[in-house]
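**Student:** Dropping the structure in here first, questions after.
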Amino acid sequence: MTAVRHATGTKGFSSESDTRIFGMEEGFGAHHYDRIGLVVRQAKGCWLIDEKGNRYLDCLAAYSAANPGHHHPEITRAAMDALTGNYASVLSNVVYSDPLGVFLSKAAEFAPQMGPRFGNHGNKVLPKNGGVESVETAIKTMRYYGYKQKGIKDGDQEIIVFNNNFHGRTISVVSFSTSEKYRQGFGPLTPGFVSVEFGNLDAVKAAINKNTCGILVEPLQGEGGMKVPPAGFLKGLRQLCDDHDLLLVADEIQVGMGRTGKKFCFEHEDIVPDGVILGKALSGGLVPLSVFITNARIMDMVFTKGSDGSTFGGYPLACVAGTASLEVFENEKLAERSAKMGAILKEKIEQVATRSPHVKEVRGKGLFIGIEVKEGNAMDFCRKLLNLGMIVNDSHGHTIRISPPLVINEEEIDYMVERLEKVLIDN
């Protein structure tokens with residue numbers, strides 16, 4: 001079955017043809033993405049639409065940025081009201097804005113008390129734009145904690161990270177990536193990071209020394225191959241951080257906000273980190289917005305007037321979208337929906353896997369599912385699925401990543417599974 005077609009074409013931003021758009025990106029853009037040959041003109045709910053009206057089921061959700069679905073009506077309405085009501089524009093940080101104040105309070109209360117061992121002081125939030133900026137905020141926090149609280153000589157602080165991690169693309173962050181393509185030629189790289197095997201508590205213990213100030217972890221790895229750590233891994237990290245006075249920070253940019261069937265992925269092991277990083281879905285996918293949330297005591301220790309800042313970090317339009325997105329998350333019970341739809345989808349994919357000569361393993365939680373293929377050629381299957389009206393991508397070369405918007409319904413799940421059957425069984 002081919003992609004569903006509209007009777008007429010679809011109008012998007014411009015009247016430029018797909019061929020012209022391909023040429024514009026080729027001629028005027030950096031060639032830093034390996035794109036597929038599709039120009040998306042509109043996006044709504046779980047669907048992407050091209051200029052001819054062909055519809056494609058979005059099974060990536062922009063790596064969790066579109067958790068509530070594309071152009072969710074409540075979030076879109078809130079952003080439009082801000083634009084037409086003249087309270088969306090960026091402001092100097094010398095003044096206050098009510099969108100920022102409201103958003104900060106909502107985001108602080110959205111998370112459980114971070115760093116409970118530091119006392120019930122409430123949470124504080126530092127907003128930025130793209131997720132990697134909040135990763136940098138977390139790195140600053142861990143390093144300053146080591147310097148101020150633990151007495152580590154400034155410049156000697158070390159943070160433990162994990163092999164095959166993905167936390168972004170700034171120089172500091174690619175410095176501790178174990179993927180050579182992210183690092184090569186961009187030196188000198190930033191020191192102060194020790195990378196160990198994901199899921200291996202013994203390796204973490206061996207890496208801790210007098211200069212260790214924190215551990216930065218993705219509770220589930222997305223770019224690293226849709227990896228799920230062994231049961232008890234996060235609990236073990238929490239205990240090690242308590243025993244050695246380290247800050248534990250969870251990067252939940254891709255796996256938080258309901259993606260794995262709970263509000264936060266760390267809730268699967270009933271632990272609370274000292275800080276959490278959120279992004280992507282935080283604004284419903286409409287504008288860049290990320291946050292680092294931590295215990296108020298830690299935030300006030302690390303950041304004082306002039307020690308950090310961002311022109312667009314927490315600007316009014318982003319905060320309006322963020323507040324609306326948090327409300328949609330709660331009102332529509334997206335975490336519960338992800339758990340329910342994810343269980344249905346994973347069971348159906350596992351049934352496909354039992355009949356497929358290509359599938360090595362199916363893994364994941366909620367609507368965060370990876371299908372590892374035996375031949376290590378996941379992108380070949382992704383391209384076949386594109387031709388059947390379904391958008392997916394590979395993770396680490398060997399795994400098909402399945403992470404649709406959390407609003408996906410059973411009919412759309414059946415649409416997806418029918419196409420997976422075609423490429424994983426029939427081919």
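Naming scheme: A, B, ... for chains in displayed order of the structure tokens; residues 1 onward per chain; ligands 1 onward as shown.
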Residues of stretch 64-270 of chain A in helix (DSSP H, G or I) according to DSSP, as number ranges by chain?
**Tutor:** A: 64, 73-84, 98-110, 116-118, 131-148, 171-174, 180-183, 201-207, 233-244, 265-269
**Student:** Could you name the residues that touch A:Asn123 at 8 Å or less, counting only C-alpha atoms, but leaving out those on the same chain fewer than 2 positions away, as number ranges by chain?
**Tutor:** A: 108-109, 111, 113-114, 121, 125, 293-296
**Student:** Which residues come within 7 Å of A:Ile371, counting only C-alpha atoms, excluding same-chain residues fewer than 3 positions away, as a CSV table (one decimal) with N, CA and C atoms, in the first residue's frame?
**Tutor:**
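What landed in out_18.csv:
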chain,number,residue,atom,x,y,z
A,359,VAL,N,15.2,-9.5,12.2
A,359,VAL,CA,15.2,-8.8,13.5
A,359,VAL,C,16.1,-9.6,14.6
A,361,GLU,N,16.6,-8.1,17.9
A,361,GLU,CA,16.1,-7.8,19.2
A,361,GLU,C,15.1,-6.6,19.1
A,362,VAL,N,14.1,-6.6,19.9
A,362,VAL,CA,13.2,-5.5,20.1
A,362,VAL,C,13.3,-5.0,21.5
A,363,ARG,N,13.6,-3.7,21.8
A,363,ARG,CA,13.8,-3.2,23.1
A,363,ARG,C,13.2,-1.8,23.3
A,399,THR,N,20.0,-0.2,14.3
A,399,THR,CA,18.6,-0.3,15.0
A,399,THR,C,17.7,0.7,14.3
A,400,ILE,N,16.5,0.3,14.0
A,400,ILE,CA,15.4,1.1,13.5
A,400,ILE,C,14.7,1.8,14.8
A,401,ARG,N,14.7,3.1,14.7
A,401,ARG,CA,14.2,3.9,15.9
A,401,ARG,C,12.7,4.1,15.7
**Student:** Need the shell around stretch 414-426 of chain A: protein/DNA/RNA residues with any atom at most 9 Å away, counting only C-alpha atoms. Skip same-chain ones fewer than 3 positions apart. Format as a list in words?
**Tutor:** Met1, Leu57, Cys59, Leu345, Lys348, Ile349, Val352, Ala353, Arg355, Ser356, Pro357, His358, Val359, Phe381, Lys384, Leu385, Leu388, Gly389, Met390, Asn409, Glu410 and Glu411 of chain A
**Student:** Convert the current residue selection to file output with C-alpha atoms, as a CSV table (one decimal), in the first residue's frame.
**Tutor:**
chain,number,residue,atom,x,y,z
A,1,MET,CA,0.0,0.0,0.0
A,57,LEU,CA,3.2,8.7,9.5
A,59,CYS,CA,7.5,7.7,13.7
A,345,LEU,CA,2.9,-1.3,19.8
A,348,LYS,CA,2.7,-6.1,17.9
A,349,ILE,CA,6.3,-5.4,16.9
A,352,VAL,CA,6.5,-9.2,13.7
A,353,ALA,CA,10.0,-10.0,15.0
A,355,ARG,CA,8.4,-14.1,12.0
A,356,SER,CA,11.2,-12.0,10.6
A,357,PRO,CA,14.5,-13.3,9.4
A,358,HIS,CA,16.0,-9.9,9.9
A,359,VAL,CA,15.2,-8.8,13.5
A,381,PHE,CA,14.8,-0.7,6.0
A,384,LYS,CA,11.9,1.1,2.3
A,385,LEU,CA,9.5,2.3,4.9
A,388,LEU,CA,5.4,3.0,2.2
A,389,GLY,CA,4.5,6.3,3.8
A,390,MET,CA,6.3,6.0,7.1
A,409,ASN,CA,-3.9,6.0,18.1
A,410,GLU,CA,-4.5,2.3,17.5
A,411,GLU,CA,-5.4,2.8,13.8
**Student:** Return the single residue from A:Ile402, A:Ile215, A:Leu201, A:Leu126 that is closest to A:Cys382, with distances computed using only C-alpha atoms.
**Tutor:**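 For A:Cys382, the nearest of the given residues is A:Ile402.
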**Student:** Which residues are near A:Leu286? Cut-off 10 Å, only C-alpha atoms, ignore same chain within fewer than 3 positions. Put them as a ChimeraX atom specification.
**Tutor:** /A:65-66,70-72,75-76,79,280-283,289,317-318,321-322,325
**Student:** Just the selected residues (C-alpha atoms), exported as a PDB file, in the first residue's frame, please.
**Tutor:**
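Full text of part.pdb as output:
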ATOM      1  CA  ALA A  65      10.333  17.193  20.179  1.00  0.00           C
ATOM      2  CA  ALA A  66       6.811  16.586  18.860  1.00  0.00           C
ATOM      3  CA  HIS A  70       2.662  18.492  15.455  1.00  0.00           C
ATOM      4  CA  HIS A  71       0.867  21.810  15.839  1.00  0.00           C
ATOM      5  CA  HIS A  72      -1.092  20.739  18.879  1.00  0.00           C
ATOM      6  CA  ILE A  75      -0.016  24.999  22.213  1.00  0.00           C
ATOM      7  CA  THR A  76      -0.386  26.590  18.776  1.00  0.00           C
ATOM      8  CA  ALA A  79       1.735  30.898  20.738  1.00  0.00           C
ATOM      9  CA  LYS A 280      12.578  19.184  22.713  1.00  0.00           C
ATOM     10  CA  ALA A 281       8.960  18.415  23.755  1.00  0.00           C
ATOM     11  CA  LEU A 282       9.068  21.112  26.428  1.00  0.00           C
ATOM     12  CA  SER A 283       7.599  23.658  23.983  1.00  0.00           C
ATOM     13  CA  LEU A 289      13.278  25.701  24.732  1.00  0.00           C
ATOM     14  CA  LEU A 317       7.206  33.234  23.198  1.00  0.00           C
ATOM     15  CA  ALA A 318       9.132  30.141  24.285  1.00  0.00           C
ATOM     16  CA  ALA A 321       4.620  27.623  24.464  1.00  0.00           C
ATOM     17  CA  GLY A 322       6.352  25.830  27.328  1.00  0.00           C
ATOM     18  CA  SER A 325       2.913  22.272  26.607  1.00  0.00           C
TER      19      SER A 325
END
**Student:** Measuring between only C-alpha atoms, which one of A:Gly27, A:Asp380, A:Ile413, A:Arg41 shows the shortest distance to A:Ile344?
**Tutor:**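 The answer is A:Ile413, which sits nearest to A:Ile344.
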**Student:** Leaving out A:Gly314 and any residue of its chain fewer than 3 positions from it, which residues lie within 6 Å of it when counting only C-alpha atoms, given as a ChimeraX atom specification?
**Tutor:** /A:127-128,319
**Student:** Report as a PyMOL selection string all protein, DNA and RNA residues lying within 8 Å of A:Phe198, evaluated on only C-alpha atoms, omitting residues in the same chain fewer than 5 positions from it.
**Tutor:** chain A and resi 162-164+229
**Student:** Keeping C-alpha atoms, export the residues of the selection given above as a PDB file, in the first residue's frame.
**Tutor:**
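File selection_39.pdb, as written:
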ATOM      1  CA  PHE A 162      28.962   6.865  29.236  1.00  0.00           C
ATOM      2  CA  ASN A 163      30.125   5.283  25.990  1.00  0.00           C
ATOM      3  CA  ASN A 164      27.876   5.943  22.989  1.00  0.00           C
ATOM      4  CA  PRO A 229      20.503  -0.450  30.861  1.00  0.00           C
TER       5      PRO A 229
END
**Student:** Residues of stretch 302-389 of chain A classed as strand (DSSP E or B) by DSSP on the backbone are to be reported as a list in words.
**Tutor:**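 Matching residues for strand (DSSP E or B) in stretch 302-389 of chain A are Val359, Lys360, Glu361, Val362, Arg363, Gly364, Lys365, Phe368, Ile369, Gly370, Ile371, Glu372 and Val373 of chain A.
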**Student:** When you count only C-alpha atoms, which of these residues is closest to A:Pro73: A:Pro273, A:Gly122, A:Gly45, A:Gly12?
**Tutor:**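 So, comparing all the options, the nearest one is A:Gly45.
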**Student:** Counting only C-alpha atoms, which residue out of A:Asp58, A:Glu16, A:Glu25, A:Glu350 sits closest to A:Ile391?
**Tutor:**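 Of A:Asp58, A:Glu16, A:Glu25, A:Glu350, the one nearest A:Ile391 is A:Asp58, counting only C-alpha atoms.
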**Student:** Which residue out of A:Glu412, A:Glu133, A:Glu347, A:Asp300 has the minimum interatomic distance to A:Pro288 when only C-alpha atoms are used?
**Tutor:**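 For A:Pro288, the nearest of the candidates is A:Glu133.
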**Student:** Between atom CA of A:Tyr87 and atom CA of A:Glu74, what is the distance, to one decimal in Å?
**Tutor:**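 These two atoms are separated by 17.2 Å.
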**Student:** Could you work out how far atom CA of A:Tyr144 lies from atom CA of A:Val302, giving the answer in Å with one decimal?
**Tutor:**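 Distance reported for this atom pair: 6.1 Å.
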**Student:** Could you please determine the separation between atom CA of A:Phe193 and atom CA of A:His398 in Å, to one decimal place?
**Tutor:**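 One can read the atom CA of A:Phe193 to atom CA of A:His398 distance as 26.9 Å.
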